[in-house]
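Visitor: File protein.pdb follows (PDB, C-alpha atoms):
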```pdb
ATOM      1  CA  MET X   1      26.536 -44.428  -0.951
ATOM      2  CA  THR X   2      24.271 -41.561   0.171
ATOM      3  CA  ASN X   3      21.401 -40.279  -1.966
ATOM      4  CA  GLY X   4      23.279 -37.028  -2.502
ATOM      5  CA  THR X   5      26.370 -38.851  -3.719
ATOM      6  CA  ALA X   6      24.267 -41.117  -5.947
ATOM      7  CA  THR X   7      22.528 -38.098  -7.470
ATOM      8  CA  THR X   8      25.833 -36.349  -8.106
ATOM      9  CA  ASP X   9      27.264 -39.519  -9.650
ATOM     10  CA  LEU X  10      24.245 -39.947 -11.946
ATOM     11  CA  ASP X  11      24.394 -36.306 -12.998
ATOM     12  CA  ALA X  12      28.064 -36.723 -13.904
ATOM     13  CA  ARG X  13      27.402 -39.945 -15.848
ATOM     14  CA  LEU X  14      24.590 -38.309 -17.818
ATOM     15  CA  GLU X  15      26.591 -35.142 -18.409
ATOM     16  CA  ALA X  16      29.475 -37.158 -19.883
ATOM     17  CA  HIS X  17      27.227 -37.921 -22.886
ATOM     18  CA  ARG X  18      25.931 -34.371 -23.461
ATOM     19  CA  VAL X  19      28.184 -33.366 -26.371
ATOM     20  CA  GLU X  20      27.671 -36.537 -28.430
ATOM     21  CA  LEU X  21      23.907 -36.456 -27.758
ATOM     22  CA  THR X  22      23.788 -32.812 -28.836
ATOM     23  CA  GLY X  23      25.568 -33.780 -32.054
ATOM     24  CA  TYR X  24      23.050 -36.559 -32.658
ATOM     25  CA  CYS X  25      20.048 -34.320 -31.984
ATOM     26  CA  TYR X  26      21.536 -31.545 -34.134
ATOM     27  CA  ARG X  27      21.890 -33.922 -37.075
ATOM     28  CA  MET X  28      18.299 -35.068 -36.534
ATOM     29  CA  LEU X  29      16.767 -31.598 -36.127
ATOM     30  CA  GLY X  30      19.007 -29.222 -38.099
ATOM     31  CA  SER X  31      18.764 -26.631 -35.323
ATOM     32  CA  SER X  32      21.434 -25.949 -32.715
ATOM     33  CA  PHE X  33      18.901 -24.509 -30.263
ATOM     34  CA  GLU X  34      16.344 -27.284 -30.752
ATOM     35  CA  ALA X  35      19.151 -29.833 -30.309
ATOM     36  CA  GLU X  36      20.078 -28.321 -26.949
ATOM     37  CA  ASP X  37      16.407 -28.388 -25.916
ATOM     38  CA  ALA X  38      16.120 -32.031 -27.007
ATOM     39  CA  VAL X  39      19.181 -33.044 -25.013
ATOM     40  CA  GLN X  40      17.941 -31.226 -21.934
ATOM     41  CA  ASP X  41      14.591 -33.047 -22.276
ATOM     42  CA  THR X  42      16.509 -36.328 -22.685
ATOM     43  CA  MET X  43      18.510 -35.694 -19.522
ATOM     44  CA  ILE X  44      15.396 -34.854 -17.507
ATOM     45  CA  ARG X  45      13.571 -37.973 -18.741
ATOM     46  CA  ALA X  46      16.601 -40.128 -17.975
ATOM     47  CA  TRP X  47      17.024 -38.675 -14.501
ATOM     48  CA  ARG X  48      13.348 -39.158 -13.666
ATOM     49  CA  SER X  49      13.134 -42.728 -14.949
ATOM     50  CA  TYR X  50      16.588 -43.975 -13.961
ATOM     51  CA  ASP X  51      15.133 -46.241 -11.277
ATOM     52  CA  LYS X  52      13.377 -48.147 -14.106
ATOM     53  CA  PHE X  53      16.606 -48.535 -16.093
ATOM     54  CA  GLU X  54      17.475 -52.181 -15.618
ATOM     55  CA  GLY X  55      20.868 -52.129 -17.261
ATOM     56  CA  ARG X  56      19.857 -54.500 -20.061
ATOM     57  CA  SER X  57      21.606 -52.071 -22.404
ATOM     58  CA  SER X  58      24.399 -49.605 -21.748
ATOM     59  CA  LEU X  59      23.567 -46.199 -20.308
ATOM     60  CA  ARG X  60      24.707 -44.687 -23.618
ATOM     61  CA  SER X  61      22.318 -46.838 -25.671
ATOM     62  CA  TRP X  62      19.481 -46.026 -23.282
ATOM     63  CA  LEU X  63      20.157 -42.288 -23.612
ATOM     64  CA  TYR X  64      20.209 -42.546 -27.406
ATOM     65  CA  ARG X  65      16.852 -44.341 -27.305
ATOM     66  CA  ILE X  66      15.366 -41.520 -25.234
ATOM     67  CA  ALA X  67      16.966 -38.844 -27.447
ATOM     68  CA  THR X  68      15.658 -40.528 -30.591
ATOM     69  CA  ASN X  69      12.114 -40.567 -29.222
ATOM     70  CA  VAL X  70      12.405 -36.906 -28.224
ATOM     71  CA  CYS X  71      13.614 -35.960 -31.738
ATOM     72  CA  LEU X  72      10.947 -38.051 -33.480
ATOM     73  CA  ASP X  73       8.305 -36.323 -31.367
ATOM     74  CA  MET X  74       9.731 -32.920 -32.327
ATOM     75  CA  LEU X  75       9.750 -33.901 -36.025
ATOM     76  CA  THR X  76       6.130 -35.086 -36.175
ATOM     77  CA  ALA X  77       5.100 -31.684 -37.543
ATOM     78  CA  GLY X  78       7.156 -32.526 -40.642
ATOM     79  CA  ASN X  79       9.385 -29.478 -40.322
ATOM     80  CA  LYS X  80      12.495 -29.633 -42.489
ATOM     81  CA  ARG X  81      15.313 -27.166 -42.015
ATOM     82  CA  ALA X  82      16.702 -25.834 -45.297
ATOM     83  CA  ARG X  83      19.274 -23.615 -46.928
ATOM     84  CA  PRO X  84      18.263 -20.857 -49.379
ATOM     85  CA  MET X  85      19.296 -22.983 -52.381
ATOM     86  CA  ASP X  86      16.908 -25.735 -51.221
ATOM     87  CA  LEU X  87      13.944 -23.365 -51.494
ATOM     88  CA  THR X  88      14.470 -20.960 -54.394
ATOM     89  CA  GLU X  89      16.392 -20.491 -57.609
ATOM     90  CA  SER X  90      19.595 -18.472 -57.631
ATOM     91  CA  THR X  91      18.860 -14.757 -58.100
ATOM     92  CA  PRO X  92      20.883 -12.547 -60.473
ATOM     93  CA  LEU X  93      22.381  -9.546 -58.716
ATOM     94  CA  ALA X  94      20.202  -7.173 -60.768
ATOM     95  CA  ARG X  95      17.081  -8.675 -59.133
ATOM     96  CA  ALA X  96      18.532  -9.186 -55.661
ATOM     97  CA  ALA X  97      16.036  -8.520 -52.873
ATOM     98  CA  LEU X  98      16.466  -9.245 -49.167
ATOM     99  CA  THR X  99      13.321 -11.166 -48.212
ATOM    100  CA  PRO X 100      13.475 -12.777 -44.757
ATOM    101  CA  ARG X 101      11.782 -16.025 -43.777
ATOM    102  CA  PRO X 102      10.982 -17.227 -40.228
ATOM    103  CA  ASP X 103      13.798 -18.654 -38.090
ATOM    104  CA  HIS X 104      12.344 -22.186 -38.140
ATOM    105  CA  THR X 105      12.873 -22.289 -41.935
ATOM    106  CA  TRP X 106      16.628 -22.406 -41.792
ATOM    107  CA  LEU X 107      19.320 -24.962 -41.171
ATOM    108  CA  GLU X 108      21.304 -23.460 -38.323
ATOM    109  CA  PRO X 109      25.069 -23.262 -37.719
ATOM    110  CA  VAL X 110      26.601 -24.827 -34.615
ATOM    111  CA  PRO X 111      29.985 -24.482 -32.866
ATOM    112  CA  ASP X 112      32.092 -27.621 -33.286
ATOM    113  CA  ALA X 113      32.733 -27.836 -29.546
ATOM    114  CA  ARG X 114      29.030 -28.277 -28.783
ATOM    115  CA  VAL X 115      28.501 -31.280 -31.072
ATOM    116  CA  LEU X 116      31.868 -32.964 -31.691
ATOM    117  CA  PRO X 117      33.259 -34.924 -28.716
ATOM    118  CA  PRO X 118      37.068 -34.877 -28.346
ATOM    119  CA  THR X 119      38.796 -37.893 -29.909
ATOM    120  CA  ASP X 120      42.381 -39.011 -30.457
ATOM    121  CA  ASP X 121      41.403 -40.908 -33.614
ATOM    122  CA  PRO X 122      41.974 -38.668 -36.698
ATOM    123  CA  ALA X 123      39.727 -40.826 -38.901
ATOM    124  CA  GLU X 124      36.902 -40.690 -36.375
ATOM    125  CA  ALA X 125      37.315 -36.914 -36.030
ATOM    126  CA  ALA X 126      37.188 -36.474 -39.818
ATOM    127  CA  VAL X 127      33.952 -38.484 -40.141
ATOM    128  CA  ALA X 128      32.378 -36.541 -37.292
ATOM    129  CA  LYS X 129      33.225 -33.199 -38.894
ATOM    130  CA  GLU X 130      31.973 -34.282 -42.319
ATOM    131  CA  SER X 131      28.676 -35.337 -40.750
ATOM    132  CA  VAL X 132      27.856 -31.832 -39.465
ATOM    133  CA  ARG X 133      28.871 -29.898 -42.585
ATOM    134  CA  LEU X 134      26.110 -27.808 -44.075
ATOM    135  CA  ALA X 135      25.748 -29.808 -47.300
ATOM    136  CA  PHE X 136      25.411 -33.129 -45.453
ATOM    137  CA  MET X 137      23.062 -31.592 -42.892
ATOM    138  CA  ALA X 138      20.880 -30.237 -45.693
ATOM    139  CA  ALA X 139      20.810 -33.692 -47.298
ATOM    140  CA  LEU X 140      19.749 -35.296 -44.003
ATOM    141  CA  GLN X 141      16.783 -32.932 -43.883
ATOM    142  CA  GLN X 142      15.451 -34.540 -47.067
ATOM    143  CA  LEU X 143      14.991 -37.886 -45.308
ATOM    144  CA  PRO X 144      11.933 -39.074 -43.368
ATOM    145  CA  ALA X 145      12.642 -38.895 -39.634
ATOM    146  CA  LYS X 146      13.211 -42.609 -39.018
ATOM    147  CA  GLN X 147      15.430 -42.991 -42.088
ATOM    148  CA  ARG X 148      17.379 -40.009 -40.808
ATOM    149  CA  ALA X 149      17.887 -41.738 -37.452
ATOM    150  CA  VAL X 150      18.963 -44.997 -39.114
ATOM    151  CA  LEU X 151      21.466 -43.273 -41.402
ATOM    152  CA  ILE X 152      23.027 -41.261 -38.565
ATOM    153  CA  LEU X 153      23.263 -44.232 -36.207
ATOM    154  CA  ARG X 154      24.638 -46.634 -38.843
ATOM    155  CA  GLU X 155      26.807 -44.414 -41.059
ATOM    156  CA  VAL X 156      27.953 -41.660 -38.682
ATOM    157  CA  LEU X 157      28.004 -43.349 -35.273
ATOM    158  CA  ALA X 158      28.849 -46.836 -36.624
ATOM    159  CA  TRP X 159      26.190 -48.715 -34.676
ATOM    160  CA  ARG X 160      25.466 -52.294 -35.710
ATOM    161  CA  ALA X 161      22.170 -52.964 -37.464
ATOM    162  CA  SER X 162      21.061 -55.129 -34.536
ATOM    163  CA  GLU X 163      21.729 -52.249 -32.095
ATOM    164  CA  VAL X 164      19.729 -49.817 -34.217
ATOM    165  CA  ALA X 165      16.896 -52.324 -34.547
ATOM    166  CA  GLU X 166      16.756 -52.710 -30.777
ATOM    167  CA  LEU X 167      16.821 -48.947 -30.243
ATOM    168  CA  LEU X 168      13.988 -48.352 -32.729
ATOM    169  CA  GLY X 169      11.993 -51.410 -31.703
ATOM    170  CA  THR X 170      12.105 -52.891 -35.192
ATOM    171  CA  SER X 171      13.837 -55.668 -37.165
ATOM    172  CA  VAL X 172      17.318 -55.800 -38.643
ATOM    173  CA  ALA X 173      15.766 -56.240 -42.089
ATOM    174  CA  SER X 174      13.731 -53.073 -41.581
ATOM    175  CA  VAL X 175      16.846 -51.158 -40.514
ATOM    176  CA  ASN X 176      18.807 -52.366 -43.548
ATOM    177  CA  SER X 177      15.938 -51.444 -45.862
ATOM    178  CA  ALA X 178      15.662 -47.956 -44.348
ATOM    179  CA  LEU X 179      19.422 -47.465 -44.726
ATOM    180  CA  GLN X 180      19.302 -48.450 -48.412
ATOM    181  CA  ARG X 181      16.442 -46.011 -49.077
ATOM    182  CA  ALA X 182      18.245 -43.240 -47.218
ATOM    183  CA  ARG X 183      21.444 -43.784 -49.195
ATOM    184  CA  ALA X 184      19.491 -43.765 -52.467
ATOM    185  CA  THR X 185      17.763 -40.491 -51.565
ATOM    186  CA  LEU X 186      21.055 -38.808 -50.715
ATOM    187  CA  ALA X 187      22.593 -40.012 -53.981
ATOM    188  CA  GLU X 188      19.650 -38.639 -55.987
ATOM    189  CA  ARG X 189      19.634 -35.275 -54.242
ATOM    190  CA  ARG X 190      23.270 -34.370 -54.193
ATOM    191  CA  GLN X 191      23.567 -31.056 -52.399
ATOM    192  CA  PRO X 192      25.535 -27.957 -53.450
ATOM    193  CA  GLY X 193      28.650 -27.939 -51.293
ATOM    194  CA  ALA X 194      28.851 -31.730 -51.123
ATOM    195  CA  ASP X 195      32.157 -31.669 -53.014
ATOM    196  CA  ALA X 196      33.802 -29.354 -50.490
ATOM    197  CA  SER X 197      36.991 -30.874 -49.141
ATOM    198  CA  VAL X 198      38.590 -29.562 -45.973
ATOM    199  CA  SER X 199      41.576 -31.236 -44.361
ATOM    200  CA  ASP X 200      41.580 -31.844 -40.619
ATOM    201  CA  PRO X 201      43.592 -29.988 -39.547
ATOM    202  CA  LEU X 202      43.789 -27.540 -42.441
ATOM    203  CA  ASP X 203      46.703 -28.212 -44.734
ATOM    204  CA  GLU X 204      49.183 -25.468 -45.570
ATOM    205  CA  GLU X 205      47.475 -24.531 -48.845
ATOM    206  CA  GLN X 206      44.064 -24.205 -47.187
ATOM    207  CA  GLN X 207      45.507 -22.166 -44.334
ATOM    208  CA  LYS X 208      47.072 -19.776 -46.837
ATOM    209  CA  LEU X 209      43.747 -19.563 -48.691
ATOM    210  CA  LEU X 210      42.016 -18.496 -45.458
ATOM    211  CA  GLU X 211      44.738 -15.935 -44.731
ATOM    212  CA  ARG X 212      44.260 -14.473 -48.201
ATOM    213  CA  TYR X 213      40.500 -14.464 -47.661
ATOM    214  CA  VAL X 214      40.814 -12.532 -44.386
ATOM    215  CA  ALA X 215      43.128 -10.002 -46.038
ATOM    216  CA  ALA X 216      40.767  -9.593 -49.009
ATOM    217  CA  PHE X 217      37.621  -9.291 -46.892
ATOM    218  CA  GLU X 218      39.033  -6.951 -44.257
ATOM    219  CA  GLY X 219      40.586  -4.851 -47.014
ATOM    220  CA  TYR X 220      37.366  -5.140 -49.052
ATOM    221  CA  ASP X 221      39.528  -5.872 -52.084
ATOM    222  CA  MET X 222      37.143  -7.295 -54.672
ATOM    223  CA  SER X 223      39.898  -8.171 -57.158
ATOM    224  CA  ALA X 224      41.603 -10.289 -54.505
ATOM    225  CA  MET X 225      38.248 -11.762 -53.458
ATOM    226  CA  THR X 226      37.420 -12.743 -57.047
ATOM    227  CA  ALA X 227      40.715 -14.635 -57.296
ATOM    228  CA  LEU X 228      39.729 -16.734 -54.253
ATOM    229  CA  LEU X 229      36.202 -17.675 -55.341
ATOM    230  CA  HIS X 230      35.353 -20.681 -57.499
ATOM    231  CA  GLU X 231      33.516 -19.730 -60.686
ATOM    232  CA  ASP X 232      30.400 -21.477 -59.303
ATOM    233  CA  ALA X 233      30.805 -20.223 -55.736
ATOM    234  CA  VAL X 234      27.581 -19.740 -53.792
ATOM    235  CA  MET X 235      26.740 -17.040 -51.243
ATOM    236  CA  THR X 236      23.803 -17.330 -48.827
ATOM    237  CA  MET X 237      22.540 -15.024 -46.071
ATOM    238  CA  PRO X 238      19.861 -16.584 -43.838
ATOM    239  CA  PRO X 239      17.314 -15.376 -42.727
ATOM    240  CA  PHE X 240      17.083 -13.943 -46.256
ATOM    241  CA  ASP X 241      16.160 -16.432 -48.979
ATOM    242  CA  LEU X 242      18.384 -14.706 -51.545
ATOM    243  CA  TRP X 243      21.374 -16.669 -52.786
ATOM    244  CA  LEU X 244      23.937 -15.679 -55.380
ATOM    245  CA  THR X 245      26.156 -17.706 -57.718
ATOM    246  CA  GLY X 246      29.519 -16.762 -59.177
ATOM    247  CA  ALA X 247      32.240 -14.323 -58.219
ATOM    248  CA  ASP X 248      30.807 -11.407 -60.242
ATOM    249  CA  ASP X 249      27.431 -11.428 -58.503
ATOM    250  CA  ILE X 250      28.945 -12.111 -55.063
ATOM    251  CA  THR X 251      31.473  -9.274 -55.246
ATOM    252  CA  GLY X 252      28.868  -7.079 -56.949
ATOM    253  CA  PHE X 253      26.560  -7.605 -53.994
ATOM    254  CA  MET X 254      29.369  -6.869 -51.549
ATOM    255  CA  THR X 255      30.009  -3.474 -53.160
ATOM    256  CA  THR X 256      26.316  -2.479 -53.427
ATOM    257  CA  LEU X 257      23.831  -3.806 -50.860
ATOM    258  CA  GLY X 258      26.716  -5.168 -48.800
ATOM    259  CA  ALA X 259      28.828  -2.009 -48.945
ATOM    260  CA  PRO X 260      28.397  -1.215 -45.195
ATOM    261  CA  CYS X 261      30.544  -4.307 -44.498
ATOM    262  CA  ALA X 262      33.645  -2.509 -45.791
ATOM    263  CA  GLY X 263      36.194  -2.188 -43.009
ATOM    264  CA  SER X 264      34.928  -5.274 -41.143
ATOM    265  CA  ARG X 265      37.016  -7.432 -38.815
ATOM    266  CA  LEU X 266      36.996 -11.235 -38.869
ATOM    267  CA  VAL X 267      37.504 -13.481 -35.835
ATOM    268  CA  PRO X 268      38.114 -17.222 -36.517
ATOM    269  CA  VAL X 269      35.497 -19.736 -35.304
ATOM    270  CA  GLN X 270      35.133 -23.510 -35.670
ATOM    271  CA  VAL X 271      31.676 -24.096 -37.094
ATOM    272  CA  ASN X 272      29.987 -27.152 -38.644
ATOM    273  CA  GLY X 273      33.302 -28.918 -39.149
ATOM    274  CA  LEU X 274      34.398 -26.091 -41.447
ATOM    275  CA  PRO X 275      36.509 -22.944 -41.184
ATOM    276  CA  GLY X 276      34.468 -19.903 -40.288
ATOM    277  CA  PHE X 277      34.629 -16.365 -39.013
ATOM    278  CA  ALA X 278      32.630 -14.056 -36.819
ATOM    279  CA  GLN X 279      32.237 -10.865 -38.825
ATOM    280  CA  TYR X 280      32.120  -7.525 -37.037
ATOM    281  CA  LYS X 281      31.345  -4.476 -39.141
ATOM    282  CA  PRO X 282      32.181  -0.864 -38.222
ATOM    283  CA  ASP X 283      29.829   0.715 -35.681
ATOM    284  CA  PRO X 284      29.348   4.350 -36.793
ATOM    285  CA  GLU X 285      27.380   5.279 -33.649
ATOM    286  CA  ASP X 286      29.427   3.830 -30.795
ATOM    287  CA  GLY X 287      32.762   3.292 -32.512
ATOM    288  CA  GLY X 288      34.583  -0.020 -32.725
ATOM    289  CA  PHE X 289      32.794  -2.927 -34.352
ATOM    290  CA  THR X 290      29.373  -4.518 -34.006
ATOM    291  CA  PRO X 291      28.388  -8.156 -34.773
ATOM    292  CA  TRP X 292      27.093  -8.766 -38.263
ATOM    293  CA  ALA X 293      27.379 -12.439 -39.250
ATOM    294  CA  VAL X 294      28.799 -15.866 -38.566
ATOM    295  CA  GLN X 295      30.465 -16.865 -41.837
ATOM    296  CA  VAL X 296      30.902 -20.520 -42.817
ATOM    297  CA  LEU X 297      33.287 -21.249 -45.694
ATOM    298  CA  GLU X 298      33.263 -24.283 -47.984
ATOM    299  CA  ILE X 299      36.529 -25.019 -49.801
ATOM    300  CA  SER X 300      37.402 -27.234 -52.730
ATOM    301  CA  GLY X 301      41.000 -27.355 -53.939
ATOM    302  CA  ASP X 302      42.436 -23.842 -53.834
ATOM    303  CA  ARG X 303      39.117 -21.986 -54.095
ATOM    304  CA  ILE X 304      36.201 -21.035 -51.876
ATOM    305  CA  THR X 305      33.027 -22.717 -53.146
ATOM    306  CA  GLY X 306      30.575 -21.658 -50.449
ATOM    307  CA  PHE X 307      30.283 -18.443 -48.471
ATOM    308  CA  HIS X 308      27.407 -18.691 -45.995
ATOM    309  CA  CYS X 309      26.560 -15.764 -43.726
ATOM    310  CA  PHE X 310      24.198 -16.316 -40.788
ATOM    311  CA  LEU X 311      22.975 -12.884 -39.811
ATOM    312  CA  ASP X 312      20.933 -13.395 -36.634
ATOM    313  CA  THR X 313      23.785 -12.219 -34.441
ATOM    314  CA  GLU X 314      21.721 -11.897 -31.241
ATOM    315  CA  ARG X 315      21.347 -15.677 -31.339
ATOM    316  CA  TRP X 316      24.614 -16.820 -32.907
ATOM    317  CA  PHE X 317      27.266 -14.720 -31.187
ATOM    318  CA  PRO X 318      26.321 -15.763 -27.618
ATOM    319  CA  LEU X 319      26.110 -19.397 -28.798
ATOM    320  CA  PHE X 320      29.724 -19.156 -30.007
ATOM    321  CA  GLY X 321      30.822 -17.299 -26.873
ATOM    322  CA  LEU X 322      31.611 -14.196 -28.916
ATOM    323  CA  PRO X 323      31.545 -10.619 -27.578
ATOM    324  CA  LEU X 324      28.770  -8.298 -28.791
ATOM    325  CA  HIS X 325      31.217  -5.462 -29.387
ATOM    326  CA  LEU X 326      34.832  -5.146 -30.505
ATOM    327  CA  GLU X 327      36.862  -2.095 -29.619
ATOM    328  CA  ALA X 328      38.789  -0.414 -32.403
ATOM    329  CA  GLU X 329      42.509  -1.074 -32.300
ATOM    330  CA  PRO X 330      44.582   1.916 -31.120
ATOM    331  CA  ASP X 331      46.148   2.524 -34.537
ATOM    332  CA  GLN X 332      42.681   2.424 -36.131
ATOM    333  CA  VAL X 333      41.374   5.044 -33.671
ATOM    334  CA  GLU X 334      44.296   7.316 -34.558
ATOM    335  CA  GLN X 335      43.627   6.902 -38.292
ATOM    336  CA  ASP X 336      39.941   7.728 -37.858
ATOM    337  CA  ALA X 337      40.842  10.814 -35.824
TER     338      ALA X 337
END
```
Using structure tokens, write down the structure from this file.

Guide:
Amino acid sequence: MTNGTATTDLDARLEAHRVELTGYCYRMLGSSFEAEDAVQDTMIRAWRSYDKFEGRSSLRSWLYRIATNVCLDMLTAGNKRARPMDLTESTPLARAALTPRPDHTWLEPVPDARVLPPTDDPAEAAVAKESVRLAFMAALQQLPAKQRAVLILREVLAWRASEVAELLGTSVASVNSALQRARATLAERRQPGADASVSDPLDEEQQKLLERYVAAFEGYDMSAMTALLHEDAVMTMPPFDLWLTGADDITGFMTTLGAPCAGSRLVPVQVNGLPGFAQYKPDPEDGGFTPWAVQVLEISGDRITGFHCFLDTERWFPLFGLPLHLEAEPDQVEQDA
């Protein structure tokens, strides 16, 4: 085998693990962009040190060891990604103010395709999706870095305790102890949104709920929207730390500060194991529609319980492969004329 062929073969073998490693790093770091950086660093380290890889473990285990070390190094500053409800109290609509915080504050959304490897096992797919949902991701951020790694490897990726101990260079007893502490912390700090239940794929009732939501939002029909929202529904809008609770405050916001969103168009996206939409609002200057938010919806029963809008469209829309402009439909142009 020539050096060129060997290099190409190694690149292909490393690349085969990119999606699952990105999912692992995303769960560790809470940032889609930092996860991609961590995986790229992992790949470079693996490529450079492959001649020292003696095959005592599988290539996959070796890559996870490198990725874990990269993530632990990135987490030494103690940064914890959060959602607005992790940082402040809910604000009544009458006192609503849009106060931004830096990008590194926030738990970030991620396209399913970048972090969830394809699988033919429905149970495995369901666990994978649950493990990147916003509520679970927010809970992971409450854990010390090594406990976070143990919980993800044991509970999400189903590694044996002995495998995790070898990866972390510790004992099985230490791994089991860390897992118990991590479980206890998650139980104590149950996150808003943790009760959301989404079928995979969406069942008929949930699909109809989303269709009604699209009709209500695009029509900016607040009566219809109220009927879809749980009485304790939560709305967030990172990078702003404001969050609202209840249908009255959410729809009240949409008709006051959020009024420019009337007439928006929604494009479906698969995000964080949940249904979501790319929202384009009318562009009064250039016509058509301009990006405004990536929406992530949490559902429980026949109601929407979480309505999370990520507004940094210059970052999110390219990540999701979404266009930065939508043309108005011909019938819409005629109406406007």

Visitor: Residues near Leu151 (chain X), anyone? I mean within 12 Å using all atoms listed in the file, not counting same-chain ones fewer than 5 positions away, as a PyMOL selection string.

Guide: chain X and resi 24+27-28+131+136-137+139-141+143-146+156-161+164+175-186

Visitor: Given the file above and the PyMOL selection byres ((chain X and resi 11-13) around 12), which residues are selected, and can you give them as number ranges by chain?

Guide: X: 4-10, 14-18, 43-44, 46-48, 50, 58-60, 63

Visitor: For those residues, write C-alpha atoms to a file as an mmCIF file, in the coordinates of the input.

Guide:
```
data_model
loop_
_atom_site.group_PDB
_atom_site.id
_atom_site.type_symbol
_atom_site.label_atom_id
_atom_site.label_comp_id
_atom_site.auth_asym_id
_atom_site.auth_seq_id
_atom_site.Cartn_x
_atom_site.Cartn_y
_atom_site.Cartn_z
ATOM 1 C CA GLY X 4 23.279 -37.028 -2.502
ATOM 2 C CA THR X 5 26.370 -38.851 -3.719
ATOM 3 C CA ALA X 6 24.267 -41.117 -5.947
ATOM 4 C CA THR X 7 22.528 -38.098 -7.470
ATOM 5 C CA THR X 8 25.833 -36.349 -8.106
ATOM 6 C CA ASP X 9 27.264 -39.519 -9.650
ATOM 7 C CA LEU X 10 24.245 -39.947 -11.946
ATOM 8 C CA LEU X 14 24.590 -38.309 -17.818
ATOM 9 C CA GLU X 15 26.591 -35.142 -18.409
ATOM 10 C CA ALA X 16 29.475 -37.158 -19.883
ATOM 11 C CA HIS X 17 27.227 -37.921 -22.886
ATOM 12 C CA ARG X 18 25.931 -34.371 -23.461
ATOM 13 C CA MET X 43 18.510 -35.694 -19.522
ATOM 14 C CA ILE X 44 15.396 -34.854 -17.507
ATOM 15 C CA ALA X 46 16.601 -40.128 -17.975
ATOM 16 C CA TRP X 47 17.024 -38.675 -14.501
ATOM 17 C CA ARG X 48 13.348 -39.158 -13.666
ATOM 18 C CA TYR X 50 16.588 -43.975 -13.961
ATOM 19 C CA SER X 58 24.399 -49.605 -21.748
ATOM 20 C CA LEU X 59 23.567 -46.199 -20.308
ATOM 21 C CA ARG X 60 24.707 -44.687 -23.618
ATOM 22 C CA LEU X 63 20.157 -42.288 -23.612
#
```

Visitor: Mind listing whatever residues come within 12 Å of the point (21.1, -28.3, -29.7)? Use only C-alpha atoms, file coordinates, and give them as a PyMOL selection string.

Guide: chain X and resi 18-42+67+71+108-116+319

Visitor: Quick one, how far is CA of Thr290 (chain X) from CA of His325 (chain X)?

Guide: 5.1 Å

Visitor: Find, counting all atoms listed in the file, the residue in X:Glu231, X:Asp312, X:Glu204, X:Glu89 that gets nearest to Ala278 (chain X).

Guide: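 Smallest distance to Ala278 (chain X) is found for X:Asp312.
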
Visitor: Please provide as a PyMOL selection string all residues within 6 Å of region 282-289 of chain X, with the sequence filter that same-chain residues fewer than 2 positions apart are discarded (counting all atoms listed in the file).

Guide: chain X and resi 264+280+325-328

Visitor: Can you tell me, as a ChimeraX atom specification, what residues are no more than 10 Å from Arg133 (chain X) when counting all atoms listed in the file, ignoring any on the same chain fewer than 3 positions away?

Guide: /X:27,109-110,128-130,136-138,193-194,196,271-274,296,298

Visitor: List, as number ranges by chain, every residue that the PyMOL selection byres ((chain X and resi 233) around 8) selects in the file provided.

Guide: X: 229-232, 234-235, 245-247, 304-307

Visitor: Do you have the CA of Pro291 (chain X)-CA of Glu205 (chain X) distance handy?

Guide: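 Computing it gives 28.8 Å between the two atoms.
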